[in-house]
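Colleague: The following block contains the structure, expressed as structure tokens.
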Amino acid sequence: MINYPPRLELAKLPTPLTKLEKFKIPSFHGNLWVKRDELTGTEVSGNKIRKLEFSIAHALGEGCTTLITCGGLQSNHCRATAILGAQLGLKVHLILRGEKPALLEGNLLLDYLAGSEISFLPQEEWSSHENFAEGLQKAYLDSGDKAHFIPIGASDEIGLWGYIAAFEELVEDFKHHDIEPDYIITATGSGGTQGGLIVGTRLFGSKAKIRAFNVCDSASYFGKKIREDVSLWKQRYKIDIDEDDLEISTLEGYMGPGYGEADDIVFETIAKLARTEGLFLDPVYTGKAFHGMINELQLGDEGQLPGARNVVFVHTGGLFGIFPQQKYFKFN
């Protein structure tokens with residue numbers, strides 16, 4: 001039994017684990033399963049809500065009435081925070097990287113519709129976003145309003161619980177479907193989902209290997225970030241785990257031009273999965289990771305997923321990210 005900290009019940013759980021029947025990968029003769037975390041709730045769909053259940057519970061426990069968080073213009077995490085804040089009666093202040101666009105669409109449109117206060121920081125000033133957040137916290141406190149800062153993606157020692165709990169849910173999925181997965185695959189952008197799954201394998205005694213495809217930064221960055229988060233997690237919650245002994249495997253080579261930008265093949269993969277399974281990925285996170293996964297599975301034992309027979313892909317959401325990039329899809 002895991003002694004979880006305070007948690008809000010915000011997501012629609014458990015999400016289903018489904019086997020892909022019609023989408024075929026050349027030369028791969030195993031089974032491909034998808035953990036449907038895009039179904040955690042219509043507006044707040046995706047993986048971020050699992051972390052925010054713990055982050056917002058912590059904020060409320062501290063007596064906070066405002067949430068401050070940050071991310072890119074089309075941040076799924078910021079959109080989920082904005083909507084949950086509206087549902088819970090909390091003020092939300094977002095710090096977004098870049099300039100305010102002339103056209104509000106996708107996640108950014110939902111941020112505004114949910115009533116968030118939004119500050120835009122140019123790319124060249126982004127390195128100071130945490131200092132900017134501290135200034136906002138002080139300003140809110142001076143006006144009698146206590147604000148809690150949630151880092152990018154809610155990926156810290158508190159948010160780590162989100163995918164530790166998700167892994168416990170996966171264990172029940174595996175029992176129900178009578179499978180023992182060789183690999184569990186996810187996209188990684190801030191490290192929280194990847195880190196929680198890795199810790200989950202240790203806590204629940206799973207032999208499944210966690211493999212993440214980075215959509216930004218590097219494998220070395222995620223190794224350092226996740227070990228730091230786990231170190232803070234074990235100190236805060238008094239849990240005995242050796243963060244240096246964790247297997248943190250981030251598969252590089254599929255980031256494309258950069259964060260939020262994808263190659264044509266990713267858009268082709270998104271369209272193919274949609275028409276064969278009615279399953280929608282996004283070009284920022286899941287599309288890149290899914291493309292990377294199928295490419296590696298096609299390589300068989302010569303690729304980075306050797307011995308794969310049962311593979312679980314964690315669909316972390318991102319549907320609203322399709323719309324700002326609709327021009328990149330090509331149809332006959």
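Identifiers for the structure tokens are assigned positionally: chains receive A, B, ... in sequence, residues are indexed from 1 per chain, and ligands are indexed from 1 in the order shown.
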To test your reading of the structure, identify every residue in range 42-163 of chain A that backbone DSSP assigns to helix (DSSP H, G or I), and report it as an MDAnalysis selection string.
Modeller: chainID A and resid 48:61 76:88 106:113 123:142 152:154 161:163
Colleague: Identify, on the basis of only C-alpha atoms, every residue whose closest approach to range 19-27 of chain A does not exceed 8 Å; exclude the query and any residue fewer than 4 positions from it along the same chain; express the result as a PyMOL selection string.
Modeller: chain A and resi 31-34+273+276-277+294+297-300
Colleague: At what distance in Å, to one decimal, does CA of His58 in chain A lie from CA of Lys146 in chain A?
Modeller: 13.0 Å
Colleague: Under the rule that only C-alpha atoms are counted, which of A:Ala11, A:Leu281, A:Val312, A:Ile49 is the nearest residue to Gly153 in chain A?
Modeller: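 For Gly153 in chain A, the nearest of the given residues is A:Ile49.
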Colleague: Between A:Tyr285, A:Phe213, A:Phe290, A:Phe132, which has the minimum distance to Ile248 in chain A (counting only C-alpha atoms)?
Modeller: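 Closest residue, counting only C-alpha atoms: A:Phe213.
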Colleague: Can you tell me, as a VMD selection string, what residues are no more than 12 Å from Gln326 in chain A when counting only C-alpha atoms, ignoring any on the same chain fewer than 3 positions away?
Modeller: chain A and resid 105 to 106 262 267 270 to 271 282 to 283 319 to 323 329 to 331
Colleague: Okay, now the selection with all heavy atoms, as a compact mmCIF listing (two decimals), in the first residue's frame?
Modeller:
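Output file selection-v5.txt follows:
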```
# COMPACT_ATOMS: atom_id res chain seq x y z
N GLU A 105 -6.23 30.75 -30.61
CA GLU A 105 -6.74 29.45 -31.02
C GLU A 105 -6.16 28.36 -30.15
O GLU A 105 -5.24 28.58 -29.36
CB GLU A 105 -6.41 29.18 -32.49
CG GLU A 105 -4.94 29.29 -32.82
CD GLU A 105 -4.66 29.16 -34.32
OE1 GLU A 105 -5.53 28.64 -35.04
OE2 GLU A 105 -3.56 29.56 -34.76
N GLY A 106 -6.71 27.16 -30.27
CA GLY A 106 -6.21 26.02 -29.52
C GLY A 106 -6.28 26.23 -28.02
O GLY A 106 -7.24 26.80 -27.48
N ALA A 262 7.06 19.95 -35.90
CA ALA A 262 7.16 18.55 -36.29
C ALA A 262 7.45 18.40 -37.77
O ALA A 262 7.07 19.24 -38.60
CB ALA A 262 5.86 17.82 -35.94
N PHE A 267 2.98 14.38 -38.99
CA PHE A 267 1.61 14.69 -39.38
C PHE A 267 0.99 13.53 -40.15
O PHE A 267 -0.21 13.24 -40.00
CB PHE A 267 1.58 15.98 -40.21
CG PHE A 267 1.91 17.21 -39.41
CD1 PHE A 267 3.19 17.72 -39.39
CD2 PHE A 267 0.93 17.84 -38.64
CE1 PHE A 267 3.50 18.84 -38.64
CE2 PHE A 267 1.22 18.96 -37.89
CZ PHE A 267 2.51 19.46 -37.88
N ILE A 270 -0.02 10.95 -37.53
CA ILE A 270 -1.23 11.38 -36.83
C ILE A 270 -2.46 11.07 -37.68
O ILE A 270 -3.46 10.51 -37.19
CB ILE A 270 -1.17 12.89 -36.50
CG1 ILE A 270 -0.07 13.17 -35.47
CG2 ILE A 270 -2.53 13.39 -35.99
CD1 ILE A 270 0.22 14.64 -35.27
N ALA A 271 -2.40 11.41 -38.96
CA ALA A 271 -3.54 11.18 -39.86
C ALA A 271 -3.81 9.69 -40.05
O ALA A 271 -4.97 9.25 -40.08
CB ALA A 271 -3.27 11.84 -41.21
N ASP A 282 -1.20 14.46 -31.18
CA ASP A 282 -0.91 15.88 -31.45
C ASP A 282 0.52 16.00 -31.95
O ASP A 282 1.35 15.11 -31.71
CB ASP A 282 -1.11 16.72 -30.18
CG ASP A 282 0.08 16.62 -29.24
OD1 ASP A 282 0.29 15.53 -28.65
OD2 ASP A 282 0.81 17.61 -29.09
N PRO A 283 0.85 17.08 -32.67
CA PRO A 283 2.18 17.21 -33.26
C PRO A 283 3.26 17.67 -32.29
O PRO A 283 4.44 17.71 -32.66
CB PRO A 283 1.97 18.26 -34.36
CG PRO A 283 0.82 19.08 -33.89
CD PRO A 283 -0.07 18.15 -33.13
N LEU A 319 -4.99 17.03 -27.80
CA LEU A 319 -5.87 17.20 -28.97
C LEU A 319 -5.96 18.64 -29.44
O LEU A 319 -5.91 18.93 -30.64
CB LEU A 319 -7.27 16.67 -28.65
CG LEU A 319 -8.33 16.87 -29.74
CD1 LEU A 319 -7.95 16.10 -31.00
CD2 LEU A 319 -9.71 16.44 -29.24
N PHE A 320 -6.08 19.59 -28.50
CA PHE A 320 -6.27 21.00 -28.88
C PHE A 320 -5.05 21.57 -29.61
O PHE A 320 -5.14 22.59 -30.28
CB PHE A 320 -6.60 21.84 -27.66
CG PHE A 320 -7.84 21.36 -26.94
CD1 PHE A 320 -7.75 20.85 -25.65
CD2 PHE A 320 -9.07 21.40 -27.56
CE1 PHE A 320 -8.89 20.39 -24.99
CE2 PHE A 320 -10.21 20.94 -26.90
CZ PHE A 320 -10.12 20.44 -25.62
N GLY A 321 -3.89 20.88 -29.48
CA GLY A 321 -2.69 21.33 -30.16
C GLY A 321 -2.71 21.07 -31.65
O GLY A 321 -1.84 21.57 -32.38
N ILE A 322 -3.67 20.27 -32.12
CA ILE A 322 -3.78 20.02 -33.56
C ILE A 322 -4.20 21.28 -34.31
O ILE A 322 -3.68 21.59 -35.39
CB ILE A 322 -4.81 18.89 -33.84
CG1 ILE A 322 -4.24 17.54 -33.40
CG2 ILE A 322 -5.19 18.85 -35.31
CD1 ILE A 322 -5.21 16.39 -33.59
N PHE A 323 -5.13 22.01 -33.73
CA PHE A 323 -5.78 23.09 -34.48
C PHE A 323 -4.85 24.23 -34.91
O PHE A 323 -4.94 24.71 -36.04
CB PHE A 323 -6.98 23.61 -33.69
CG PHE A 323 -7.99 22.51 -33.43
CD1 PHE A 323 -8.10 21.94 -32.18
CD2 PHE A 323 -8.79 22.03 -34.45
CE1 PHE A 323 -9.00 20.90 -31.94
CE2 PHE A 323 -9.69 21.01 -34.23
CZ PHE A 323 -9.80 20.44 -32.98
N PHE A 329 -1.24 19.51 -42.24
CA PHE A 329 -1.81 18.25 -42.67
C PHE A 329 -2.10 18.33 -44.17
O PHE A 329 -2.58 19.33 -44.67
CB PHE A 329 -3.11 17.96 -41.90
CG PHE A 329 -2.88 17.60 -40.47
CD1 PHE A 329 -3.04 18.54 -39.46
CD2 PHE A 329 -2.50 16.31 -40.11
CE1 PHE A 329 -2.81 18.22 -38.12
CE2 PHE A 329 -2.27 15.98 -38.78
CZ PHE A 329 -2.43 16.93 -37.79
N LYS A 330 -1.81 17.24 -44.87
CA LYS A 330 -2.01 17.20 -46.32
C LYS A 330 -3.04 16.13 -46.66
O LYS A 330 -2.91 14.98 -46.25
CB LYS A 330 -0.69 16.90 -47.03
CG LYS A 330 0.37 17.98 -46.84
CD LYS A 330 1.66 17.61 -47.55
CE LYS A 330 2.69 18.73 -47.44
NZ LYS A 330 3.09 18.98 -46.08
N PHE A 331 -4.08 16.54 -47.41
CA PHE A 331 -5.13 15.62 -47.81
C PHE A 331 -5.31 15.70 -49.33
O PHE A 331 -5.14 16.76 -49.93
CB PHE A 331 -6.45 15.96 -47.11
CG PHE A 331 -6.33 15.98 -45.60
CD1 PHE A 331 -6.28 17.18 -44.91
CD2 PHE A 331 -6.25 14.81 -44.89
CE1 PHE A 331 -6.18 17.22 -43.53
CE2 PHE A 331 -6.14 14.82 -43.50
CZ PHE A 331 -6.10 16.03 -42.82
```
Colleague: Looking at only C-alpha atoms, which of A:Asp142, A:Glu43, A:Glu228, A:Glu157 is the one that sits closest to Lys12 in chain A?
Modeller: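 Closest residue, counting only C-alpha atoms: A:Glu43.
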Colleague: Would you return as a PyMOL selection string the members of range 209-271 of chain A that DSSP assigns to strand (DSSP E or B) on this structure's backbone?
Modeller: chain A and resi 209-214+250-251+258+261
Colleague: What's the 12 Å shell around Tyr254 in chain A, counting only C-alpha atoms, without same-chain residues fewer than 4 positions away, as an mmCIF file with N, CA, C and O atoms, in the first residue's frame?
Modeller:
```
data_model
loop_
_atom_site.group_PDB
_atom_site.id
_atom_site.type_symbol
_atom_site.label_atom_id
_atom_site.label_comp_id
_atom_site.auth_asym_id
_atom_site.auth_seq_id
_atom_site.Cartn_x
_atom_site.Cartn_y
_atom_site.Cartn_z
ATOM 1 N N ALA A 187 5.782 10.224 -24.313
ATOM 2 C CA ALA A 187 6.511 11.436 -24.688
ATOM 3 C C ALA A 187 6.993 12.098 -23.401
ATOM 4 O O ALA A 187 6.368 11.956 -22.346
ATOM 5 N N THR A 188 8.087 12.823 -23.485
ATOM 6 C CA THR A 188 8.556 13.551 -22.310
ATOM 7 C C THR A 188 8.940 14.973 -22.697
ATOM 8 O O THR A 188 9.662 15.193 -23.671
ATOM 9 N N ALA A 212 11.073 6.815 -22.969
ATOM 10 C CA ALA A 212 10.457 8.097 -23.292
ATOM 11 C C ALA A 212 11.130 8.708 -24.514
ATOM 12 O O ALA A 212 12.346 8.607 -24.688
ATOM 13 N N PHE A 213 10.321 9.344 -25.364
ATOM 14 C CA PHE A 213 10.835 10.077 -26.510
ATOM 15 C C PHE A 213 10.767 11.558 -26.186
ATOM 16 O O PHE A 213 9.690 12.091 -25.899
ATOM 17 N N ASN A 214 11.914 12.234 -26.222
ATOM 18 C CA ASN A 214 11.954 13.643 -25.843
ATOM 19 C C ASN A 214 11.413 14.527 -26.950
ATOM 20 O O ASN A 214 11.697 14.325 -28.136
ATOM 21 N N VAL A 215 10.614 15.520 -26.571
ATOM 22 C CA VAL A 215 10.089 16.497 -27.527
ATOM 23 C C VAL A 215 10.807 17.841 -27.381
ATOM 24 O O VAL A 215 10.495 18.804 -28.086
ATOM 25 N N CYS A 216 11.749 17.884 -26.471
ATOM 26 C CA CYS A 216 12.594 19.053 -26.248
ATOM 27 C C CYS A 216 13.786 18.593 -25.423
ATOM 28 O O CYS A 216 13.822 17.452 -24.952
ATOM 29 N N ASP A 217 14.764 19.454 -25.256
ATOM 30 C CA ASP A 217 15.931 19.162 -24.414
ATOM 31 C C ASP A 217 16.629 17.873 -24.847
ATOM 32 O O ASP A 217 16.504 17.443 -25.985
ATOM 33 N N SER A 218 17.365 17.240 -23.928
ATOM 34 C CA SER A 218 18.189 16.085 -24.282
ATOM 35 C C SER A 218 18.022 14.972 -23.257
ATOM 36 O O SER A 218 17.471 15.178 -22.168
ATOM 37 N N ALA A 219 18.532 13.798 -23.596
ATOM 38 C CA ALA A 219 18.474 12.665 -22.672
ATOM 39 C C ALA A 219 19.200 12.988 -21.368
ATOM 40 O O ALA A 219 18.737 12.649 -20.275
ATOM 41 N N THR A 250 15.854 7.881 -22.154
ATOM 42 C CA THR A 250 15.187 8.812 -23.061
ATOM 43 C C THR A 250 15.741 8.593 -24.462
ATOM 44 O O THR A 250 16.948 8.729 -24.680
ATOM 45 N N GLY A 258 12.293 21.157 -33.516
ATOM 46 C CA GLY A 258 12.357 21.750 -32.182
ATOM 47 C C GLY A 258 11.045 21.575 -31.456
ATOM 48 O O GLY A 258 10.102 20.954 -31.970
ATOM 49 N N TYR A 259 10.965 22.103 -30.244
ATOM 50 C CA TYR A 259 9.739 21.980 -29.460
ATOM 51 C C TYR A 259 8.571 22.658 -30.185
ATOM 52 O O TYR A 259 8.681 23.795 -30.636
ATOM 53 N N GLU A 261 7.409 21.959 -33.034
ATOM 54 C CA GLU A 261 7.530 21.867 -34.486
ATOM 55 C C GLU A 261 7.765 20.417 -34.872
ATOM 56 O O GLU A 261 8.560 19.721 -34.236
ATOM 57 N N ALA A 262 7.064 19.954 -35.904
ATOM 58 C CA ALA A 262 7.160 18.551 -36.288
ATOM 59 C C ALA A 262 7.452 18.399 -37.771
ATOM 60 O O ALA A 262 7.070 19.240 -38.595
ATOM 61 N N ASP A 263 8.110 17.289 -38.120
ATOM 62 C CA ASP A 263 8.361 16.947 -39.516
ATOM 63 C C ASP A 263 7.077 16.429 -40.166
ATOM 64 O O ASP A 263 6.141 16.002 -39.487
ATOM 65 N N ILE A 265 6.450 13.672 -41.555
ATOM 66 C CA ILE A 265 6.141 12.274 -41.235
ATOM 67 C C ILE A 265 5.302 12.170 -39.960
ATOM 68 O O ILE A 265 4.476 11.259 -39.820
ATOM 69 N N VAL A 266 5.474 13.106 -39.055
ATOM 70 C CA VAL A 266 4.678 13.090 -37.819
ATOM 71 C C VAL A 266 3.215 13.396 -38.129
ATOM 72 O O VAL A 266 2.307 12.727 -37.618
ATOM 73 N N PRO A 283 0.851 17.082 -32.665
ATOM 74 C CA PRO A 283 2.184 17.213 -33.259
ATOM 75 C C PRO A 283 3.263 17.671 -32.293
ATOM 76 O O PRO A 283 4.440 17.708 -32.663
ATOM 77 N N VAL A 284 2.894 18.008 -31.064
ATOM 78 C CA VAL A 284 3.877 18.520 -30.102
ATOM 79 C C VAL A 284 4.455 17.397 -29.244
ATOM 80 O O VAL A 284 5.677 17.308 -29.052
ATOM 81 N N TYR A 285 3.606 16.517 -28.744
ATOM 82 C CA TYR A 285 4.042 15.450 -27.840
ATOM 83 C C TYR A 285 3.793 14.056 -28.416
ATOM 84 O O TYR A 285 4.709 13.357 -28.829
ATOM 85 N N THR A 286 2.531 13.646 -28.400
ATOM 86 C CA THR A 286 2.209 12.244 -28.676
ATOM 87 C C THR A 286 2.522 11.830 -30.109
ATOM 88 O O THR A 286 2.906 10.682 -30.352
ATOM 89 N N GLY A 287 2.344 12.744 -31.064
ATOM 90 C CA GLY A 287 2.647 12.408 -32.448
ATOM 91 C C GLY A 287 4.113 12.058 -32.632
ATOM 92 O O GLY A 287 4.465 11.082 -33.313
ATOM 93 N N LYS A 288 4.993 12.847 -32.032
ATOM 94 C CA LYS A 288 6.427 12.578 -32.140
ATOM 95 C C LYS A 288 6.801 11.270 -31.459
ATOM 96 O O LYS A 288 7.576 10.464 -32.000
ATOM 97 N N ALA A 289 6.269 11.056 -30.260
ATOM 98 C CA ALA A 289 6.600 9.841 -29.518
ATOM 99 C C ALA A 289 6.059 8.596 -30.218
ATOM 100 O O ALA A 289 6.736 7.563 -30.286
ATOM 101 N N PHE A 290 4.848 8.674 -30.739
ATOM 102 C CA PHE A 290 4.251 7.533 -31.427
ATOM 103 C C PHE A 290 5.038 7.219 -32.695
ATOM 104 O O PHE A 290 5.324 6.047 -32.994
ATOM 105 N N HIS A 291 5.400 8.244 -33.450
ATOM 106 C CA HIS A 291 6.215 8.041 -34.649
ATOM 107 C C HIS A 291 7.552 7.405 -34.281
ATOM 108 O O HIS A 291 8.018 6.461 -34.943
ATOM 109 N N GLY A 292 8.195 7.920 -33.223
ATOM 110 C CA GLY A 292 9.464 7.344 -32.796
ATOM 111 C C GLY A 292 9.314 5.889 -32.406
ATOM 112 O O GLY A 292 10.144 5.046 -32.753
ATOM 113 N N MET A 293 8.238 5.586 -31.703
ATOM 114 C CA MET A 293 7.988 4.209 -31.260
ATOM 115 C C MET A 293 7.821 3.262 -32.451
ATOM 116 O O MET A 293 8.448 2.195 -32.496
ATOM 117 N N ILE A 294 6.969 3.639 -33.418
ATOM 118 C CA ILE A 294 6.728 2.716 -34.531
ATOM 119 C C ILE A 294 7.982 2.559 -35.383
ATOM 120 O O ILE A 294 8.247 1.471 -35.913
ATOM 121 N N ASN A 295 8.781 3.597 -35.490
ATOM 122 C CA ASN A 295 10.026 3.485 -36.246
ATOM 123 C C ASN A 295 10.982 2.521 -35.570
ATOM 124 O O ASN A 295 11.605 1.670 -36.231
ATOM 125 N N GLU A 296 11.086 2.621 -34.248
ATOM 126 C CA GLU A 296 11.980 1.727 -33.505
ATOM 127 C C GLU A 296 11.461 0.290 -33.516
ATOM 128 O O GLU A 296 12.254 -0.659 -33.591
#
```
Colleague: Taking only C-alpha atoms into account, which of A:Ile150, A:Asp229, A:Ala208, A:Pro101 comes nearest Ile179 in chain A?
Modeller: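 Smallest distance to Ile179 in chain A is found for A:Ala208.
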Colleague: For Ile241 in chain A, list every protein, DNA or RNA residue within 10 Å, evaluated using only C-alpha atoms, and leave out those in the same chain fewer than 5 positions away; present the list as an MDAnalysis selection string.
Modeller: chainID A and resid 199 202:203 230:231 233:235 246
Colleague: Please identify all polymer residues within 10 Å of Ala165 in chain A, counting only C-alpha atoms, omitting same-chain residues fewer than 6 positions from it, and present them as an NGL selection string.
Modeller: :A and (2 or 4 or 50-51 or 196-197 or 200)
Colleague: Taking 4 positions as the minimum chain separation for residues in the same chain, which residues sit within 7 Å of range 94-96 of chain A when counting only C-alpha atoms? Answer as a ChimeraX atom specification.
Modeller: /A:68-73,78,116-121
Colleague: Could those selected residues go to a file with all heavy atoms, as a short mmCIF file (atom, residue, chain, number, x, y, z; two decimals), in the first residue's frame?
Modeller:
```cif
data_model
loop_
_atom_site.label_atom_id
_atom_site.label_comp_id
_atom_site.auth_asym_id
_atom_site.auth_seq_id
_atom_site.Cartn_x
_atom_site.Cartn_y
_atom_site.Cartn_z
N ILE A 68 -0.37 30.09 -9.94
CA ILE A 68 0.50 30.66 -10.97
C ILE A 68 1.24 29.51 -11.63
O ILE A 68 1.81 28.65 -10.94
CB ILE A 68 1.50 31.66 -10.37
CG1 ILE A 68 0.79 32.81 -9.67
CG2 ILE A 68 2.44 32.20 -11.46
CD1 ILE A 68 1.73 33.72 -8.89
N THR A 69 1.23 29.45 -12.94
CA THR A 69 2.01 28.44 -13.63
C THR A 69 2.46 28.97 -14.98
O THR A 69 2.15 30.11 -15.35
CB THR A 69 1.24 27.11 -13.75
OG1 THR A 69 2.16 26.07 -14.09
CG2 THR A 69 0.12 27.17 -14.77
N CYS A 70 3.21 28.16 -15.72
CA CYS A 70 3.88 28.67 -16.91
C CYS A 70 4.03 27.59 -17.97
O CYS A 70 3.89 26.40 -17.70
CB CYS A 70 5.26 29.21 -16.53
SG CYS A 70 6.22 28.04 -15.55
N GLY A 71 4.32 28.04 -19.20
CA GLY A 71 4.52 27.12 -20.30
C GLY A 71 4.50 27.86 -21.62
O GLY A 71 4.49 29.10 -21.67
N GLY A 72 4.47 27.09 -22.71
CA GLY A 72 4.42 27.67 -24.04
C GLY A 72 3.05 28.22 -24.36
O GLY A 72 2.09 28.02 -23.61
N LEU A 73 2.94 28.91 -25.50
CA LEU A 73 1.66 29.52 -25.88
C LEU A 73 0.54 28.48 -25.98
O LEU A 73 -0.62 28.78 -25.69
CB LEU A 73 1.80 30.25 -27.22
CG LEU A 73 2.68 31.49 -27.25
CD1 LEU A 73 2.72 32.05 -28.67
CD2 LEU A 73 2.19 32.55 -26.27
N CYS A 78 -0.96 24.46 -18.99
CA CYS A 78 -1.56 25.75 -18.64
C CYS A 78 -3.06 25.72 -18.90
O CYS A 78 -3.85 26.24 -18.10
CB CYS A 78 -0.89 26.88 -19.42
SG CYS A 78 0.78 27.27 -18.84
N SER A 116 -8.45 33.13 -17.32
CA SER A 116 -7.11 33.28 -16.75
C SER A 116 -6.54 34.67 -16.99
O SER A 116 -6.80 35.29 -18.03
CB SER A 116 -6.15 32.25 -17.37
OG SER A 116 -6.53 30.95 -17.02
N GLU A 117 -5.75 35.12 -16.05
CA GLU A 117 -4.88 36.29 -16.25
C GLU A 117 -3.64 35.77 -16.97
O GLU A 117 -3.07 34.74 -16.58
CB GLU A 117 -4.50 36.89 -14.90
CG GLU A 117 -3.63 38.12 -14.98
CD GLU A 117 -4.43 39.38 -15.31
OE1 GLU A 117 -5.67 39.38 -15.14
OE2 GLU A 117 -3.80 40.36 -15.73
N ILE A 118 -3.19 36.44 -18.01
CA ILE A 118 -2.06 35.92 -18.78
C ILE A 118 -1.01 37.00 -18.96
O ILE A 118 -1.30 38.13 -19.37
CB ILE A 118 -2.52 35.41 -20.17
CG1 ILE A 118 -3.54 34.28 -19.99
CG2 ILE A 118 -1.31 34.92 -20.97
CD1 ILE A 118 -4.07 33.71 -21.30
N SER A 119 0.24 36.63 -18.62
CA SER A 119 1.39 37.47 -18.89
C SER A 119 2.26 36.77 -19.94
O SER A 119 2.50 35.56 -19.83
CB SER A 119 2.23 37.69 -17.62
OG SER A 119 1.49 38.36 -16.63
N PHE A 120 2.70 37.52 -20.94
CA PHE A 120 3.54 36.96 -22.00
C PHE A 120 4.98 37.40 -21.79
O PHE A 120 5.25 38.59 -21.58
CB PHE A 120 3.05 37.42 -23.38
CG PHE A 120 1.69 36.89 -23.74
CD1 PHE A 120 0.54 37.60 -23.40
CD2 PHE A 120 1.55 35.68 -24.41
CE1 PHE A 120 -0.72 37.12 -23.72
CE2 PHE A 120 0.29 35.19 -24.74
CZ PHE A 120 -0.84 35.90 -24.39
N LEU A 121 5.89 36.44 -21.84
CA LEU A 121 7.32 36.74 -21.73
C LEU A 121 7.99 36.38 -23.05
O LEU A 121 7.87 35.24 -23.52
CB LEU A 121 7.97 35.93 -20.60
CG LEU A 121 7.88 36.45 -19.17
CD1 LEU A 121 8.72 35.57 -18.26
CD2 LEU A 121 8.31 37.89 -19.06
#
```
Colleague: Interatomic distance between CA of Asn47 in chain A and CA of Ile158 in chain A?
Modeller: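 Computed distance, CA of Asn47 in chain A to CA of Ile158 in chain A, equals 14.6 Å.
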